[in-house]
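Trainee: This is entry_7.pdb (PDB, C-alpha atoms).
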ATOM      1  CA  MET N   1      49.321  62.152  49.153
ATOM      2  CA  PRO N   2      51.577  59.465  50.597
ATOM      3  CA  ASN N   3      52.377  56.496  48.381
ATOM      4  CA  PRO N   4      52.443  52.895  49.627
ATOM      5  CA  GLY N   5      55.645  52.213  51.487
ATOM      6  CA  THR N   6      56.535  55.848  52.183
ATOM      7  CA  THR N   7      57.348  57.066  55.675
ATOM      8  CA  THR N   8      54.846  59.466  57.203
ATOM      9  CA  GLU N   9      55.782  60.831  60.604
ATOM     10  CA  ILE N  10      52.718  61.841  62.603
ATOM     11  CA  THR N  11      54.263  62.366  66.007
ATOM     12  CA  PRO N  12      57.389  64.503  66.385
ATOM     13  CA  GLY N  13      60.204  62.433  67.808
ATOM     14  CA  ALA N  14      58.658  59.084  66.798
ATOM     15  CA  PRO N  15      61.144  56.500  65.509
ATOM     16  CA  THR N  16      61.785  56.438  61.771
ATOM     17  CA  SER N  17      59.817  53.466  60.394
ATOM     18  CA  PRO N  18      57.103  52.895  57.818
ATOM     19  CA  ALA N  19      53.832  54.532  58.853
ATOM     20  CA  THR N  20      51.185  51.852  58.494
ATOM     21  CA  VAL N  21      47.416  52.079  58.304
ATOM     22  CA  LEU N  22      45.937  49.006  59.963
ATOM     23  CA  GLN N  23      42.629  47.713  58.608
ATOM     24  CA  VAL N  24      41.108  45.850  61.534
ATOM     25  CA  SER N  25      38.036  44.307  59.909
ATOM     26  CA  PRO N  26      36.381  43.829  56.517
ATOM     27  CA  LEU N  27      35.231  47.132  55.025
ATOM     28  CA  LEU N  28      33.487  48.393  51.922
ATOM     29  CA  PRO N  29      35.500  47.131  48.898
ATOM     30  CA  GLY N  30      35.916  50.650  47.512
ATOM     31  CA  LEU N  31      37.280  51.892  50.828
ATOM     32  CA  GLU N  32      39.659  48.936  51.051
ATOM     33  CA  ARG N  33      40.993  49.673  47.564
ATOM     34  CA  ALA N  34      41.451  53.355  48.318
ATOM     35  CA  LEU N  35      43.373  52.641  51.524
ATOM     36  CA  THR N  36      45.643  50.180  49.730
ATOM     37  CA  GLU N  37      46.280  52.599  46.862
ATOM     38  CA  ARG N  38      47.082  55.565  49.080
ATOM     39  CA  TYR N  39      48.867  54.115  52.103
ATOM     40  CA  ARG N  40      50.943  51.251  53.377
ATOM     41  CA  THR N  41      47.910  49.289  54.536
ATOM     42  CA  VAL N  42      47.852  45.980  56.380
ATOM     43  CA  ARG N  43      44.617  43.976  56.698
ATOM     44  CA  LEU N  44      44.922  42.485  60.155
ATOM     45  CA  HIS N  45      41.916  40.164  59.807
ATOM     46  CA  GLU N  46      43.468  38.491  56.740
ATOM     47  CA  LEU N  47      46.868  37.737  58.274
ATOM     48  CA  PRO N  48      47.668  34.101  59.130
ATOM     49  CA  ASP N  49      49.152  35.157  62.488
ATOM     50  CA  PRO N  50      47.841  38.576  63.594
ATOM     51  CA  ALA N  51      49.521  38.279  66.996
ATOM     52  CA  ALA N  52      52.932  37.794  65.395
ATOM     53  CA  TYR N  53      52.406  40.809  63.146
ATOM     54  CA  LEU N  54      51.423  42.993  66.081
ATOM     55  CA  ARG N  55      54.435  41.789  68.073
ATOM     56  CA  ASP N  56      56.892  42.485  65.257
ATOM     57  CA  HIS N  57      55.297  45.468  63.519
ATOM     58  CA  GLY N  58      52.758  47.022  65.908
ATOM     59  CA  GLY N  59      55.053  49.993  66.402
ATOM     60  CA  GLU N  60      54.644  50.936  62.741
ATOM     61  CA  VAL N  61      50.884  51.498  62.922
ATOM     62  CA  VAL N  62      49.789  55.130  63.200
ATOM     63  CA  ALA N  63      46.115  54.802  62.224
ATOM     64  CA  ALA N  64      43.544  52.010  62.509
ATOM     65  CA  VAL N  65      40.436  51.753  60.361
ATOM     66  CA  THR N  66      37.651  49.547  61.652
ATOM     67  CA  SER N  67      33.912  48.994  61.526
ATOM     68  CA  ALA N  68      31.394  49.914  64.182
ATOM     69  CA  ARG N  69      30.885  46.212  64.835
ATOM     70  CA  PHE N  70      34.546  45.426  65.634
ATOM     71  CA  GLY N  71      36.051  48.682  66.900
ATOM     72  CA  VAL N  72      39.532  48.573  68.437
ATOM     73  CA  GLY N  73      39.678  46.582  71.646
ATOM     74  CA  ASP N  74      41.938  47.382  74.590
ATOM     75  CA  GLU N  75      44.404  44.602  73.816
ATOM     76  CA  LEU N  76      44.812  45.737  70.225
ATOM     77  CA  MET N  77      45.144  49.352  71.322
ATOM     78  CA  ASP N  78      47.943  48.401  73.707
ATOM     79  CA  ALA N  79      49.785  46.586  70.911
ATOM     80  CA  LEU N  80      50.034  49.787  68.837
ATOM     81  CA  PRO N  81      52.302  52.246  70.682
ATOM     82  CA  ARG N  82      52.325  54.850  67.858
ATOM     83  CA  LEU N  83      48.593  54.703  67.216
ATOM     84  CA  GLY N  84      47.194  58.204  66.828
ATOM     85  CA  ALA N  85      43.793  57.690  65.236
ATOM     86  CA  ILE N  86      40.975  55.150  65.212
ATOM     87  CA  VAL N  87      38.646  55.659  62.260
ATOM     88  CA  HIS N  88      35.252  53.929  62.417
ATOM     89  CA  PHE N  89      33.282  53.035  59.312
ATOM     90  CA  GLY N  90      29.846  53.604  60.842
ATOM     91  CA  VAL N  91      28.139  55.961  63.224
ATOM     92  CA  GLY N  92      28.548  53.674  66.239
ATOM     93  CA  TYR N  93      31.797  53.539  68.201
ATOM     94  CA  GLU N  94      30.795  51.754  71.413
ATOM     95  CA  THR N  95      33.126  48.869  70.528
ATOM     96  CA  THR N  96      36.087  51.175  71.174
ATOM     97  CA  ASP N  97      36.809  52.578  74.633
ATOM     98  CA  VAL N  98      36.959  56.227  73.616
ATOM     99  CA  VAL N  99      37.918  57.478  77.082
ATOM    100  CA  ARG N 100      40.806  55.028  77.231
ATOM    101  CA  ALA N 101      41.910  55.947  73.729
ATOM    102  CA  ARG N 102      41.784  59.642  74.531
ATOM    103  CA  SER N 103      43.868  59.130  77.658
ATOM    104  CA  ARG N 104      46.582  57.746  75.390
ATOM    105  CA  GLY N 105      46.320  60.665  72.979
ATOM    106  CA  ILE N 106      44.437  58.656  70.352
ATOM    107  CA  ASP N 107      41.659  60.459  68.503
ATOM    108  CA  VAL N 108      38.553  58.559  67.409
ATOM    109  CA  SER N 109      36.205  59.329  64.522
ATOM    110  CA  ASN N 110      32.966  57.942  63.118
ATOM    111  CA  THR N 111      30.786  58.687  60.079
ATOM    112  CA  PRO N 112      27.863  60.805  61.318
ATOM    113  CA  ASP N 113      25.164  62.508  59.245
ATOM    114  CA  VAL N 114      25.717  60.580  56.009
ATOM    115  CA  LEU N 115      23.595  57.632  57.177
ATOM    116  CA  THR N 116      20.934  59.597  59.056
ATOM    117  CA  ASP N 117      18.335  59.665  56.283
ATOM    118  CA  CYS N 118      18.535  55.985  55.390
ATOM    119  CA  VAL N 119      18.310  54.868  59.015
ATOM    120  CA  ALA N 120      15.353  57.191  59.599
ATOM    121  CA  ASP N 121      13.653  55.927  56.436
ATOM    122  CA  LEU N 122      13.992  52.350  57.595
ATOM    123  CA  ALA N 123      12.758  53.169  61.099
ATOM    124  CA  VAL N 124       9.568  54.653  59.695
ATOM    125  CA  GLY N 125       9.234  51.744  57.276
ATOM    126  CA  GLY N 126       9.612  49.301  60.141
ATOM    127  CA  LEU N 127       7.003  51.167  62.152
ATOM    128  CA  ILE N 128       4.502  51.007  59.293
ATOM    129  CA  ASP N 129       5.293  47.344  58.688
ATOM    130  CA  SER N 130       4.782  46.446  62.342
ATOM    131  CA  MET N 131       1.557  48.403  62.823
ATOM    132  CA  ARG N 132       0.000  47.508  59.460
ATOM    133  CA  ARG N 133       1.577  44.015  59.409
ATOM    134  CA  LEU N 134       2.784  44.351  55.833
ATOM    135  CA  SER N 135       5.311  41.506  55.951
ATOM    136  CA  ALA N 136       2.774  39.249  57.649
ATOM    137  CA  ALA N 137       0.166  40.135  55.029
ATOM    138  CA  ASP N 138       2.638  39.317  52.259
ATOM    139  CA  ARG N 139       3.248  35.893  53.794
ATOM    140  CA  TYR N 140      -0.513  35.439  54.163
ATOM    141  CA  VAL N 141      -1.127  35.984  50.460
ATOM    142  CA  ARG N 142       1.793  33.774  49.403
ATOM    143  CA  ALA N 143       0.566  30.948  51.633
ATOM    144  CA  GLY N 144      -2.914  31.082  50.095
ATOM    145  CA  GLY N 145      -4.604  32.437  53.208
ATOM    146  CA  TRP N 146      -6.482  35.149  51.321
ATOM    147  CA  THR N 147      -8.518  32.557  49.411
ATOM    148  CA  ALA N 148      -9.863  31.255  52.716
ATOM    149  CA  ALA N 149     -10.470  34.440  54.719
ATOM    150  CA  PRO N 150      -9.707  38.176  54.764
ATOM    151  CA  PHE N 151      -6.508  39.235  56.521
ATOM    152  CA  PRO N 152      -7.133  40.396  60.118
ATOM    153  CA  LEU N 153      -7.553  44.101  60.786
ATOM    154  CA  THR N 154      -4.450  45.993  61.870
ATOM    155  CA  SER N 155      -3.634  49.347  63.475
ATOM    156  CA  ARG N 156      -3.338  52.677  61.660
ATOM    157  CA  VAL N 157      -0.167  54.753  61.871
ATOM    158  CA  SER N 158      -1.549  58.230  61.159
ATOM    159  CA  GLY N 159      -2.505  60.200  64.221
ATOM    160  CA  LYS N 160      -0.825  57.843  66.691
ATOM    161  CA  ARG N 161       1.395  58.774  69.633
ATOM    162  CA  ILE N 162       5.003  57.919  68.795
ATOM    163  CA  GLY N 163       7.808  57.937  71.335
ATOM    164  CA  ILE N 164      11.416  58.356  70.201
ATOM    165  CA  LEU N 165      14.063  57.096  72.576
ATOM    166  CA  GLY N 166      17.124  59.220  71.822
ATOM    167  CA  LEU N 167      16.534  62.486  69.959
ATOM    168  CA  GLY N 168      19.900  62.796  68.234
ATOM    169  CA  ARG N 169      20.427  63.229  64.507
ATOM    170  CA  ILE N 170      18.565  60.047  63.602
ATOM    171  CA  GLY N 171      15.835  60.534  66.181
ATOM    172  CA  ARG N 172      15.102  64.030  64.899
ATOM    173  CA  ALA N 173      15.028  62.740  61.304
ATOM    174  CA  VAL N 174      12.497  60.083  62.332
ATOM    175  CA  ALA N 175      10.394  62.704  64.084
ATOM    176  CA  ARG N 176      10.364  64.982  61.027
ATOM    177  CA  ARG N 177       9.148  62.118  58.850
ATOM    178  CA  LEU N 178       6.432  61.178  61.317
ATOM    179  CA  GLU N 179       5.111  64.737  61.349
ATOM    180  CA  GLY N 180       3.806  63.982  57.853
ATOM    181  CA  PHE N 181       1.622  61.256  59.335
ATOM    182  CA  GLY N 182       0.000  63.672  61.760
ATOM    183  CA  THR N 183       1.457  61.812  64.715
ATOM    184  CA  GLU N 184       1.989  63.171  68.198
ATOM    185  CA  VAL N 185       5.728  62.846  68.860
ATOM    186  CA  ALA N 186       7.328  62.691  72.295
ATOM    187  CA  TYR N 187      10.884  61.780  73.212
ATOM    188  CA  CYS N 188      13.239  60.823  76.000
ATOM    189  CA  SER N 189      16.898  61.826  76.116
ATOM    190  CA  ARG N 190      19.445  62.630  78.816
ATOM    191  CA  ALA N 191      18.318  66.254  78.734
ATOM    192  CA  PRO N 192      15.627  68.205  76.876
ATOM    193  CA  VAL N 193      16.659  69.110  73.336
ATOM    194  CA  PRO N 194      16.312  72.838  72.630
ATOM    195  CA  ASP N 195      14.257  74.202  69.750
ATOM    196  CA  VAL N 196      12.152  71.100  69.040
ATOM    197  CA  PRO N 197       8.344  71.051  69.256
ATOM    198  CA  TYR N 198       8.132  67.602  70.811
ATOM    199  CA  ARG N 199       7.274  66.763  74.414
ATOM    200  CA  HIS N 200      10.171  65.583  76.563
ATOM    201  CA  LEU N 201       9.618  62.798  79.090
ATOM    202  CA  PRO N 202      12.190  62.017  81.793
ATOM    203  CA  THR N 203      12.445  58.221  81.522
ATOM    204  CA  ALA N 204      12.098  55.483  78.940
ATOM    205  CA  GLU N 205       9.320  53.933  81.004
ATOM    206  CA  ALA N 206       7.348  57.179  81.114
ATOM    207  CA  LEU N 207       7.795  57.584  77.360
ATOM    208  CA  ALA N 208       6.603  54.038  76.664
ATOM    209  CA  ALA N 209       3.535  54.553  78.829
ATOM    210  CA  ALA N 210       2.630  57.715  76.895
ATOM    211  CA  CYS N 211       2.872  56.311  73.372
ATOM    212  CA  ASP N 212       1.442  53.745  70.966
ATOM    213  CA  ALA N 213       4.834  52.899  69.501
ATOM    214  CA  LEU N 214       8.389  53.309  70.731
ATOM    215  CA  VAL N 215      11.184  53.938  68.208
ATOM    216  CA  VAL N 216      14.672  53.319  69.576
ATOM    217  CA  THR N 217      17.420  55.503  68.074
ATOM    218  CA  VAL N 218      19.626  56.045  71.128
ATOM    219  CA  ALA N 219      23.369  55.360  70.918
ATOM    220  CA  GLY N 220      24.656  51.974  72.044
ATOM    221  CA  GLY N 221      27.238  51.332  74.736
ATOM    222  CA  ALA N 222      27.367  50.578  78.440
ATOM    223  CA  GLY N 223      25.301  53.631  79.317
ATOM    224  CA  THR N 224      22.235  52.431  77.403
ATOM    225  CA  GLU N 225      22.543  48.657  77.808
ATOM    226  CA  GLY N 226      19.154  47.166  78.652
ATOM    227  CA  LEU N 227      17.506  50.592  78.624
ATOM    228  CA  VAL N 228      14.376  49.091  77.067
ATOM    229  CA  SER N 229      13.727  46.824  80.015
ATOM    230  CA  ALA N 230      10.879  44.527  81.015
ATOM    231  CA  ALA N 231       9.314  47.497  82.812
ATOM    232  CA  VAL N 232       9.504  49.642  79.672
ATOM    233  CA  LEU N 233       7.892  46.899  77.579
ATOM    234  CA  GLU N 234       5.203  46.488  80.234
ATOM    235  CA  ALA N 235       4.534  50.233  80.048
ATOM    236  CA  LEU N 236       4.316  50.032  76.255
ATOM    237  CA  GLY N 237       1.524  47.536  76.708
ATOM    238  CA  PRO N 238      -0.351  44.940  74.661
ATOM    239  CA  GLU N 239      -1.346  47.455  71.966
ATOM    240  CA  GLY N 240       2.133  48.956  71.681
ATOM    241  CA  HIS N 241       4.808  48.452  69.045
ATOM    242  CA  LEU N 242       8.602  48.559  69.350
ATOM    243  CA  VAL N 243      11.008  49.602  66.583
ATOM    244  CA  ASN N 244      14.757  49.231  67.159
ATOM    245  CA  VAL N 245      17.267  50.668  64.672
ATOM    246  CA  ALA N 246      19.870  51.473  67.335
ATOM    247  CA  ARG N 247      21.824  48.594  68.878
ATOM    248  CA  GLY N 248      20.635  45.192  70.071
ATOM    249  CA  SER N 249      22.192  45.872  73.478
ATOM    250  CA  VAL N 250      19.729  48.716  74.143
ATOM    251  CA  VAL N 251      16.830  46.253  74.433
ATOM    252  CA  ASP N 252      16.686  43.537  77.097
ATOM    253  CA  GLU N 253      16.242  40.790  74.517
ATOM    254  CA  SER N 254      15.096  38.133  76.967
ATOM    255  CA  ALA N 255      12.425  40.519  78.251
ATOM    256  CA  LEU N 256      11.383  41.262  74.671
ATOM    257  CA  VAL N 257      11.090  37.559  73.866
ATOM    258  CA  ALA N 258       8.940  37.046  76.947
ATOM    259  CA  ALA N 259       6.721  40.013  76.034
ATOM    260  CA  VAL N 260       6.261  38.770  72.471
ATOM    261  CA  GLU N 261       5.485  35.217  73.563
ATOM    262  CA  ALA N 262       2.953  36.392  76.149
ATOM    263  CA  GLY N 263       1.338  38.970  73.860
ATOM    264  CA  ARG N 264       2.306  41.805  76.188
ATOM    265  CA  ILE N 265       3.245  43.950  73.172
ATOM    266  CA  ALA N 266       1.438  44.060  69.836
ATOM    267  CA  GLY N 267       4.470  43.809  67.591
ATOM    268  CA  ALA N 268       8.033  44.813  66.861
ATOM    269  CA  ALA N 269      10.320  45.725  63.970
ATOM    270  CA  LEU N 270      13.923  44.885  64.756
ATOM    271  CA  ASP N 271      16.998  45.692  62.677
ATOM    272  CA  VAL N 272      19.501  44.856  65.433
ATOM    273  CA  PHE N 273      19.939  42.046  67.935
ATOM    274  CA  ALA N 274      21.987  41.206  71.010
ATOM    275  CA  ASP N 275      24.062  38.464  69.358
ATOM    276  CA  GLU N 276      24.058  39.153  65.635
ATOM    277  CA  PRO N 277      23.513  37.332  63.350
ATOM    278  CA  ASN N 278      21.831  34.988  65.837
ATOM    279  CA  VAL N 279      18.148  35.725  66.448
ATOM    280  CA  PRO N 280      16.143  34.082  69.256
ATOM    281  CA  GLN N 281      13.942  31.270  67.980
ATOM    282  CA  ALA N 282      10.853  32.784  69.587
ATOM    283  CA  LEU N 283      11.269  35.920  67.486
ATOM    284  CA  LEU N 284      11.824  33.869  64.331
ATOM    285  CA  GLU N 285       8.587  32.039  64.974
ATOM    286  CA  SER N 286       6.459  35.086  65.757
ATOM    287  CA  ASP N 287       4.352  36.461  62.921
ATOM    288  CA  ARG N 288       4.042  39.761  64.791
ATOM    289  CA  VAL N 289       7.757  40.569  64.606
ATOM    290  CA  VAL N 290       9.497  42.074  61.571
ATOM    291  CA  LEU N 291      13.106  40.858  61.436
ATOM    292  CA  LEU N 292      15.764  42.697  59.424
ATOM    293  CA  PRO N 293      19.469  41.779  59.043
ATOM    294  CA  HIS N 294      20.968  45.061  60.338
ATOM    295  CA  ILE N 295      20.374  46.943  57.089
ATOM    296  CA  ALA N 296      19.320  50.411  58.262
ATOM    297  CA  SER N 297      22.247  52.098  56.494
ATOM    298  CA  ALA N 298      22.641  49.412  53.829
ATOM    299  CA  THR N 299      21.987  51.338  50.647
ATOM    300  CA  ARG N 300      24.578  51.836  47.933
ATOM    301  CA  GLU N 301      24.381  55.600  48.263
ATOM    302  CA  THR N 302      24.813  55.668  52.030
ATOM    303  CA  ARG N 303      27.564  53.061  52.224
ATOM    304  CA  GLU N 304      29.542  54.917  49.545
ATOM    305  CA  ALA N 305      29.138  58.154  51.494
ATOM    306  CA  MET N 306      30.246  56.396  54.704
ATOM    307  CA  GLY N 307      33.300  55.001  52.934
ATOM    308  CA  ASP N 308      34.171  58.404  51.518
ATOM    309  CA  LEU N 309      33.912  60.059  54.940
ATOM    310  CA  ALA N 310      36.011  57.351  56.601
ATOM    311  CA  LEU N 311      38.660  57.799  53.908
ATOM    312  CA  ARG N 312      38.651  61.563  54.327
ATOM    313  CA  ASN N 313      39.234  61.072  58.056
ATOM    314  CA  VAL N 314      42.286  58.925  57.301
ATOM    315  CA  GLU N 315      43.537  61.447  54.747
ATOM    316  CA  ARG N 316      43.178  64.363  57.148
ATOM    317  CA  PHE N 317      44.968  62.495  59.909
ATOM    318  CA  MET N 318      47.831  61.293  57.717
ATOM    319  CA  ALA N 319      48.322  64.770  56.294
ATOM    320  CA  GLU N 320      47.647  66.968  59.328
ATOM    321  CA  GLY N 321      47.446  64.733  62.390
ATOM    322  CA  VAL N 322      43.791  65.561  63.105
ATOM    323  CA  LEU N 323      40.466  63.962  62.233
ATOM    324  CA  LEU N 324      37.635  65.416  60.174
ATOM    325  CA  THR N 325      34.724  64.069  62.267
ATOM    326  CA  PRO N 326      36.026  63.239  65.746
ATOM    327  CA  VAL N 327      33.494  61.759  68.134
ATOM    328  CA  PRO N 328      32.423  63.973  71.061
ATOM    329  CA  GLY N 329      35.152  64.240  73.630
ATOM    330  CA  ALA N 330      37.718  62.532  71.428
ATOM    331  CA  ALA N 331      39.348  65.410  69.560
ATOM    332  CA  HIS N 332      42.546  67.162  70.549
TER
END
Mind turning this structure into structure tokens?
Mentor:
Amino acid sequence: MPNPGTTTEITPGAPTSPATVLQVSPLLPGLERALTERYRTVRLHELPDPAAYLRDHGGEVVAAVTSARFGVGDELMDALPRLGAIVHFGVGYETTDVVRARSRGIDVSNTPDVLTDCVADLAVGGLIDSMRRLSAADRYVRAGGWTAAPFPLTSRVSGKRIGILGLGRIGRAVARRLEGFGTEVAYCSRAPVPDVPYRHLPTAEALAAACDALVVTVAGGAGTEGLVSAAVLEALGPEGHLVNVARGSVVDESALVAAVEAGRIAGAALDVFADEPNVPQALLESDRVVLLPHIASATRETREAMGDLALRNVERFMAEGVLLTPVPGAAH
């Protein structure tokens, strides 16, 4: 294992200089400590003049560790001529241009699988909360409403038609959990998924029209931006519920606000937003919307597992020049 300050040559023929691991953004404290203990690590976000560091020392960086929220932008990528790996702490990597990185010979990794269960748990919890109005009922009791009148009737979850937008690892985990509720699960993805018992529908709009609740688990990025459009929300209808544990960009937030304000959907449970941590005032004021601060993977167990996997990706790259969990299309 390299010690801080040692020289680790990743690319044959690269100039002899300290091999630096660049920490781009705040990370889990345990992961930060491990990186500092094992490698010559520089925390870019804590430097008084990041631009000066990149100008003078960018050629020393061989690996960058970042979060799914920050990624590695094009300008930063260009400032690191020896960069060979971008390691994301998180399953998302849409904040890094993977195609561009790959064209430069830079591999990109994320932390799949280890957060699947917690995200799926929260998606199902959000669905139950939205349909049974648990958070609203809690507020009702605390405000003294129960002493004046019974809480309004809500909608059952068991036996309902649930649409899953994006049947990847998390989508399949959500579907398995919902089987226990006797629900009828359908899904929409780019292509039918083999060996699953759920009905495939070709578009998000068709899926929304065929279900009582739509759970969004599709990956973020330019390809899915605004996928849950005004038309999709219209198809979901005034009795329908929306759950989003994917990315805020997947939902047309202005269309969602309009649908909530007009009562064109019954409710929503949202863990992600277009401009986090800023939430539209109309959503804050709606008692039919469950608002969560992007916590789908925020359990001690899952975050520790994510940190461990990110660290193992760095270790594999520094030792062997390859990544443990490269994203699709990003591995050598």
Trainee: In Å to one decimal, how far is atom CA of N:Val218 from atom CA of N:Gly240?
Mentor: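 So the two atoms, atom CA of N:Gly240 and atom CA of N:Val218, lie 18.9 Å apart.
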Trainee: Under the rule that only C-alpha atoms are counted, which of N:Val272, N:Leu35, N:Ala209, N:Val260 is the nearest residue to N:Ala63?
Mentor: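 The answer is N:Leu35, which sits nearest to N:Ala63.
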Trainee: Please expand the PyMOL selection byres ((chain N and resi 152-162) around 7) into the concrete residues it hits in this file, giving the result as a VMD selection string.
Mentor: chain N and resid 128 131 to 133 150 to 151 163 to 164 181 to 186 211 to 214
Trainee: Export, as a PDB file, keeping the file's coordinate frame, the selected residues with C-alpha atoms.
Mentor:
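The result, stored in out_32.pdb:
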ATOM      1  CA  ILE N 128       4.502  51.007  59.293  1.00  0.00           C
ATOM      2  CA  MET N 131       1.557  48.403  62.823  1.00  0.00           C
ATOM      3  CA  ARG N 132       0.000  47.508  59.460  1.00  0.00           C
ATOM      4  CA  ARG N 133       1.577  44.015  59.409  1.00  0.00           C
ATOM      5  CA  PRO N 150      -9.707  38.176  54.764  1.00  0.00           C
ATOM      6  CA  PHE N 151      -6.508  39.235  56.521  1.00  0.00           C
ATOM      7  CA  GLY N 163       7.808  57.937  71.335  1.00  0.00           C
ATOM      8  CA  ILE N 164      11.416  58.356  70.201  1.00  0.00           C
ATOM      9  CA  PHE N 181       1.622  61.256  59.335  1.00  0.00           C
ATOM     10  CA  GLY N 182       0.000  63.672  61.760  1.00  0.00           C
ATOM     11  CA  THR N 183       1.457  61.812  64.715  1.00  0.00           C
ATOM     12  CA  GLU N 184       1.989  63.171  68.198  1.00  0.00           C
ATOM     13  CA  VAL N 185       5.728  62.846  68.860  1.00  0.00           C
ATOM     14  CA  ALA N 186       7.328  62.691  72.295  1.00  0.00           C
ATOM     15  CA  CYS N 211       2.872  56.311  73.372  1.00  0.00           C
ATOM     16  CA  ASP N 212       1.442  53.745  70.966  1.00  0.00           C
ATOM     17  CA  ALA N 213       4.834  52.899  69.501  1.00  0.00           C
ATOM     18  CA  LEU N 214       8.389  53.309  70.731  1.00  0.00           C
TER      19      LEU N 214
END
Trainee: Restricting the calculation to only C-alpha atoms, which member of N:Asp56, N:Asp308, N:Glu320, N:Glu285 is positioned closest to N:Pro29?
Mentor: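 Of N:Asp56, N:Asp308, N:Glu320, N:Glu285, the one nearest N:Pro29 is N:Asp308, counting only C-alpha atoms.
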Trainee: Evaluate the PyMOL selection byres ((chain N and resi 322) around 10) on the structure here and hand back the selected residues as a PyMOL selection string.
Mentor: chain N and resi 10+84-85+107-109+313-321+323-326+331-332
Trainee: Would you give the centre and edge lengths, in Å to one decimal, of a box along x, y and z around the listed atoms of stretch 78-84 of chain N, with 3 Å added to each side, as JSON?
Mentor:
{"center_x": 49.8, "center_y": 52.4, "center_z": 70.3, "size_x": 11.1, "size_y": 17.6, "size_z": 12.9}
Trainee: Taking into account only C-alpha atoms, which residue in the set N:Gly221, N:Pro194, N:Asp113, N:Ser229 is nearest to N:Ala208?
Mentor: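 Distance minimum relative to N:Ala208 lands on N:Ser229.
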Trainee: What do you get, as a ChimeraX atom specification, if you spell out every residue that the PyMOL selection byres ((chain N and resi 28) around 9) selects here?
Mentor: /N:26-27,29-33,89,303-304,307
Trainee: Please write the residues from the selection above to a file, keeping C-alpha atoms, as a CSV table (one decimal), keeping the file's coordinate frame.
Mentor:
chain,number,residue,atom,x,y,z
N,26,PRO,CA,36.4,43.8,56.5
N,27,LEU,CA,35.2,47.1,55.0
N,29,PRO,CA,35.5,47.1,48.9
N,30,GLY,CA,35.9,50.6,47.5
N,31,LEU,CA,37.3,51.9,50.8
N,32,GLU,CA,39.7,48.9,51.1
N,33,ARG,CA,41.0,49.7,47.6
N,89,PHE,CA,33.3,53.0,59.3
N,303,ARG,CA,27.6,53.1,52.2
N,304,GLU,CA,29.5,54.9,49.5
N,307,GLY,CA,33.3,55.0,52.9
Trainee: Can you tell me which residues surround N:Val21 at a distance of at most 10 Å, considering all atoms listed in the file, apart from same-chain residues fewer than 5 positions away, and format the answer as a PyMOL selection string?
Mentor: chain N and resi 35-36+38-43+60-65+83+85-86+314+318
Trainee: Provide the atom CA of N:Leu44 to atom CA of N:Ser25 distance in Å, to one decimal place.
Mentor: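 Answer for the atom CA of N:Leu44 to atom CA of N:Ser25 separation: 7.1 Å.
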Trainee: Hey, which of N:Val228, N:Val289, N:Ala123, N:Ala246 ends up closest to N:Val91? Count only C-alpha atoms.
Mentor: N:Ala246
Trainee: Have a look at N:Leu178, N:Val99, N:Leu134, N:Ala219 and name the one nearest to N:Ala269; count only C-alpha atoms.
Mentor: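 Selected residue with least distance to N:Ala269: N:Leu134.
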Trainee: Within 6 Å of (13.7, 61.1, 77.4) in the file's own coordinates, which protein, DNA or RNA residues have an atom, counting all atoms listed in the file? List them as a list in words.
Mentor: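 Final list of nearby residues, as requested, is Tyr187, Cys188, Ser189, His200, Leu201, Pro202 and Thr203 of chain N.
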Trainee: Using all atoms listed in the file, can you tell me which of N:Arg69, N:His241, N:Asn110, N:Leu256 comes closest to N:Pro277?
Mentor: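 Using all atoms listed in the file, the shortest distance to N:Pro277 belongs to N:Arg69.
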Trainee: Rounded to one decimal, what separation in Å do you get between atom CA of N:Gly73 and atom CA of N:Ser249?
Mentor: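 Interatomic distance here is 17.6 Å.
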Trainee: Find the residues near N:Asp121: any atom within 10 Å, counting all atoms listed in the file, skip ones fewer than 4 places away on the same chain, and give them as a ChimeraX atom specification.
Mentor: /N:116-117,125-127,170,173-174,177,296-297
